Amino acid sequence: MILFLIVLIVVVAAYQNWARKNALSGVAFQSKCTQNLVEAGEEFQLVSTLSNHSRRIIPFLRVEETFPKGTVLTYGKGQQRTDLAGTVKHHYSTYLMPKSQLTRKITLSIPKRGLYYFRGAQISGGDFLGLWEERGNFTAFEEVAVYPKAIPIPHLEDAFGGFLGEVSVRRFMMEDPVLTVGIRDYTGREPLNQISWKHSARRGELQVKQFDYTVEPMVSILLDVSTNSSDNNLLEKCYSLTRSICQQLEQKGIAYDLITNTVPDSQLSKNGEYLAQGLGKSHFKKVLELLGKASYYSGDTFEETVQRLVKKQARSRSAIIVTPQRDESKSHVVRQELVGGSLIILYGEDCHDIPIEPETDL
């Protein structure tokens with residue numbers, strides 16, 4: 001009997017020592033969001049899978065998932081807490097049979113615009129007797145971009161309505177490359193295929209073909225985030241304004257492109273973004289993604305961004321400038337560089353007292 005007890009103690013001690021060293025052996029973890037682009041406050045799910053690839057029973061595992069600051073958990077079995085930095089942590093305990101896995105779904109939402117990262121979990125595994133724990137970090141990188149909310153349309157109409165009226169009138173004042181009605185001086189902005197070499201040789205200076213007009217209105221949007229203010233709320237208003245403007249253009253069937261000096265939060269070394277002319281749900285989704293991932297940093301100056309727009313813009317195209325604050329130097333640059341179409345400048349500071357409310361998708 002004594003010999004049996006001695007052998008049992010030796011076996012248990014050996015297994016205890018092995019279990020302590022291999023508490024997380026065979027354990028795997030992965031997680032994935034059901035949506036990576038969401039509205040502010042919209043619910044989505046984080047699906048996590050905990051696996052045991054070994055042939056032994058794992059009697060105890062403690063999983064702690066870390067969520068970005070501001071995350072709101074609306075459903076998920078387990079306990080949650082918020083640390084001093086505002087990071088939300090969700091944890092639960094379980095066991096795993098050999099060659100098995102456990103899948104859990106957590107419903108959550110994020111109320112504020114921006115780019116958020118979900119980086120996996122910290123997992124603790126116990127030994128056979130529950131005397132020690134071994135911890136390990138399991139990385140499962142996921143990012144979620146939250147769109148900016150929209151400015152209520154009635155407030156935007158006051159400044160924007162007249163501009164859209166001008167664009168609608170100008171729908172009969174856009175050049176049609178099919179119908180040539182005359183010749184005019186070359187300005188340096190026209191493509192080479194519009195140059196009339198016969199008339200240029202006759203007059204001794206470059207001349208370009210002047211076309212008749214078509215019925216397709218087009219608008220360029222310039223989103224500027226360069227400012228000396230430290231109030232990030234001004235930039236949030238600019239993002240919301242830009243979303244509302246694009247929404248209006250989508251609803252009215254007016255094609256548009258978007259150029260900006262803001263850079264993505266994950267790529268602060270870039271010099272700004274450009275979305276080519278388009279229309280429809282796919283194009284609008286790209287706009288929302290750009291605005292959701294935008295940081296509070298500008299890659300180019302306002303002047304450089306205007307120059308980029310001038311290189312891409314047709315002379316007859318209308319333009320909408322969205323900028324944080326009134327600045328005479330910026331206004332001067334705009335009036336000097338942008339010619340041809342209608343022009344409107346909208347300011348984030350004018351929206352200070354306007355509540356931002358979510359709107360439904362197009």
# chains A, B, ... in the order shown; residues from 1 in each chain; ligands from 1
$ residues_around --residues "Met97 of chain A" --least-positions-apart "2" --cutoff "10 Å" --atoms "only C-alpha atoms" --output "MDAnalysis selection string"
chainID A and resid 51:59 95 99:102
$ write_last_selection --atoms "all heavy atoms" --output "short mmCIF file (atom, residue, chain, number, x, y, z; two decimals), in the first residue's frame"
data_model
loop_
_atom_site.label_atom_id
_atom_site.label_comp_id
_atom_site.auth_asym_id
_atom_site.auth_seq_id
_atom_site.Cartn_x
_atom_site.Cartn_y
_atom_site.Cartn_z
N SER A 51 -9.13 26.69 -29.64
CA SER A 51 -8.95 25.30 -30.09
C SER A 51 -7.92 24.56 -29.25
O SER A 51 -6.96 25.14 -28.75
CB SER A 51 -8.50 25.28 -31.56
OG SER A 51 -9.40 25.98 -32.38
N ASN A 52 -8.14 23.25 -29.12
CA ASN A 52 -7.19 22.34 -28.48
C ASN A 52 -6.76 21.31 -29.52
O ASN A 52 -7.53 20.43 -29.90
CB ASN A 52 -7.83 21.64 -27.28
CG ASN A 52 -6.90 20.63 -26.64
OD1 ASN A 52 -5.69 20.62 -26.90
ND2 ASN A 52 -7.46 19.75 -25.81
N HIS A 53 -5.54 21.43 -30.01
CA HIS A 53 -5.05 20.53 -31.05
C HIS A 53 -4.35 19.29 -30.46
O HIS A 53 -3.91 18.42 -31.22
CB HIS A 53 -4.08 21.27 -31.97
CG HIS A 53 -4.72 22.38 -32.73
ND1 HIS A 53 -5.73 22.18 -33.64
CD2 HIS A 53 -4.49 23.73 -32.72
CE1 HIS A 53 -6.11 23.34 -34.17
NE2 HIS A 53 -5.38 24.30 -33.62
N SER A 54 -4.24 19.24 -29.15
CA SER A 54 -3.56 18.11 -28.51
C SER A 54 -4.53 16.96 -28.24
O SER A 54 -5.74 17.09 -28.43
CB SER A 54 -2.92 18.56 -27.20
OG SER A 54 -3.94 18.85 -26.23
N ARG A 55 -3.98 15.84 -27.78
CA ARG A 55 -4.79 14.64 -27.48
C ARG A 55 -5.10 14.53 -25.99
O ARG A 55 -5.51 13.47 -25.51
CB ARG A 55 -4.07 13.39 -27.95
CG ARG A 55 -3.84 13.35 -29.46
CD ARG A 55 -3.18 12.05 -29.87
NE ARG A 55 -2.96 12.02 -31.31
CZ ARG A 55 -3.86 11.62 -32.21
NH1 ARG A 55 -5.06 11.20 -31.78
NH2 ARG A 55 -3.59 11.62 -33.49
N ARG A 56 -4.91 15.58 -25.24
CA ARG A 56 -5.18 15.57 -23.80
C ARG A 56 -6.28 16.54 -23.45
O ARG A 56 -6.60 17.46 -24.19
CB ARG A 56 -3.91 15.95 -23.04
CG ARG A 56 -3.47 17.39 -23.29
CD ARG A 56 -2.15 17.71 -22.63
NE ARG A 56 -1.72 19.07 -22.92
CZ ARG A 56 -2.04 20.13 -22.18
NH1 ARG A 56 -2.78 19.98 -21.08
NH2 ARG A 56 -1.61 21.34 -22.50
N ILE A 57 -6.87 16.31 -22.30
CA ILE A 57 -7.87 17.25 -21.79
C ILE A 57 -7.15 18.45 -21.19
O ILE A 57 -6.17 18.29 -20.45
CB ILE A 57 -8.75 16.57 -20.71
CG1 ILE A 57 -9.54 15.42 -21.31
CG2 ILE A 57 -9.69 17.59 -20.08
CD1 ILE A 57 -10.35 14.66 -20.28
N ILE A 58 -7.61 19.62 -21.52
CA ILE A 58 -7.09 20.84 -20.89
C ILE A 58 -8.13 21.26 -19.86
O ILE A 58 -9.21 21.75 -20.21
CB ILE A 58 -6.85 21.96 -21.92
CG1 ILE A 58 -5.84 21.50 -22.98
CG2 ILE A 58 -6.37 23.23 -21.23
CD1 ILE A 58 -5.53 22.52 -24.04
N PRO A 59 -7.85 21.06 -18.58
CA PRO A 59 -8.87 21.25 -17.54
C PRO A 59 -9.25 22.70 -17.26
O PRO A 59 -10.35 22.97 -16.78
CB PRO A 59 -8.24 20.61 -16.31
CG PRO A 59 -6.77 20.73 -16.53
CD PRO A 59 -6.57 20.59 -18.01
N TYR A 95 -12.89 24.83 -20.23
CA TYR A 95 -12.00 23.68 -20.40
C TYR A 95 -12.17 23.19 -21.84
O TYR A 95 -13.16 23.51 -22.51
CB TYR A 95 -12.33 22.57 -19.40
CG TYR A 95 -13.67 21.91 -19.65
CD1 TYR A 95 -13.78 20.79 -20.46
CD2 TYR A 95 -14.82 22.44 -19.08
CE1 TYR A 95 -15.01 20.20 -20.71
CE2 TYR A 95 -16.07 21.87 -19.32
CZ TYR A 95 -16.14 20.74 -20.14
OH TYR A 95 -17.36 20.17 -20.40
N LYS A 99 -8.72 17.50 -29.11
CA LYS A 99 -9.08 17.76 -30.51
C LYS A 99 -10.45 18.45 -30.62
O LYS A 99 -11.29 18.08 -31.44
CB LYS A 99 -9.10 16.46 -31.31
CG LYS A 99 -7.76 15.74 -31.39
CD LYS A 99 -6.74 16.54 -32.17
CE LYS A 99 -5.43 15.78 -32.29
NZ LYS A 99 -4.42 16.52 -33.09
N SER A 100 -10.67 19.47 -29.82
CA SER A 100 -11.96 20.17 -29.84
C SER A 100 -11.74 21.67 -29.93
O SER A 100 -10.62 22.16 -29.82
CB SER A 100 -12.77 19.85 -28.57
OG SER A 100 -12.11 20.36 -27.43
N GLN A 101 -12.83 22.37 -30.14
CA GLN A 101 -12.75 23.82 -30.18
C GLN A 101 -14.03 24.44 -29.61
O GLN A 101 -15.09 23.82 -29.61
CB GLN A 101 -12.50 24.34 -31.59
CG GLN A 101 -13.61 24.08 -32.58
CD GLN A 101 -13.28 24.61 -33.97
OE1 GLN A 101 -12.13 24.68 -34.37
NE2 GLN A 101 -14.31 25.01 -34.71
N LEU A 102 -13.89 25.68 -29.17
CA LEU A 102 -15.01 26.43 -28.60
C LEU A 102 -15.13 27.75 -29.34
O LEU A 102 -14.16 28.51 -29.43
CB LEU A 102 -14.78 26.69 -27.11
CG LEU A 102 -15.79 27.60 -26.40
CD1 LEU A 102 -17.17 26.94 -26.34
CD2 LEU A 102 -15.31 27.95 -25.00
#
$ closest_residue --among "A:Leu73, A:Pro264, A:Lys281, A:Ser331" --to "Glu42 of chain A" --atoms "only C-alpha atoms"
A:Leu73
$ select_by_dssp --residues "segment 290-334 of chain A" --states "strand (DSSP E or B)" --output "list in words"
Ala294, Ser295, Tyr296, Tyr297, Ser298, Ser318, Ala319, Ile320, Ile321, Val322 and Thr323 of chain A
$ closest_atom_pairs --of "segment 76-121 of chain A" --to "segment 291-312 of chain A" --cutoff "7 Å" --atoms "only C-alpha atoms" --output "Markdown table"
| residue | atom | partner | partner_atom | distance |
| --- | --- | --- | --- | --- |
| A:Arg113 | CA | A:Gly292 | CA | 6.0 |
| A:Gly114 | CA | A:Gly292 | CA | 5.2 |
| A:Leu115 | CA | A:Lys293 | CA | 5.1 |
$ residues_around --residues "Arg326 of chain A" --least-positions-apart "2" --cutoff "12 Å" --atoms "only C-alpha atoms" --output "list in words"
Asp224, Ser226, Thr227, Asn228, Ser229, Leu234, Ile321, Val322, Thr323, Pro324, Glu328, Ser329, Lys330, Ser331, His332, Ile345, Leu346, Tyr347, Gly348, Glu349 and Asp350 of chain A
$ closest_residue --among "A:Tyr239, A:Phe141, A:Trp197, A:Phe44" --to "Arg119 of chain A" --atoms "only C-alpha atoms"
A:Phe141
$ residues_around --residues "Ile123 of chain A" --least-positions-apart "4" --cutoff "10 Å" --atoms "only C-alpha atoms" --output "list of chain:residue names"
A:Leu24, A:Val27, A:Ala28, A:Phe29, A:Leu50, A:Leu61, A:Arg62, A:Val63, A:Glu64, A:Glu65, A:His91, A:Tyr92, A:Ser93, A:Glu133, A:Glu134, A:Arg135, A:Gly136, A:Asn137, A:Phe138
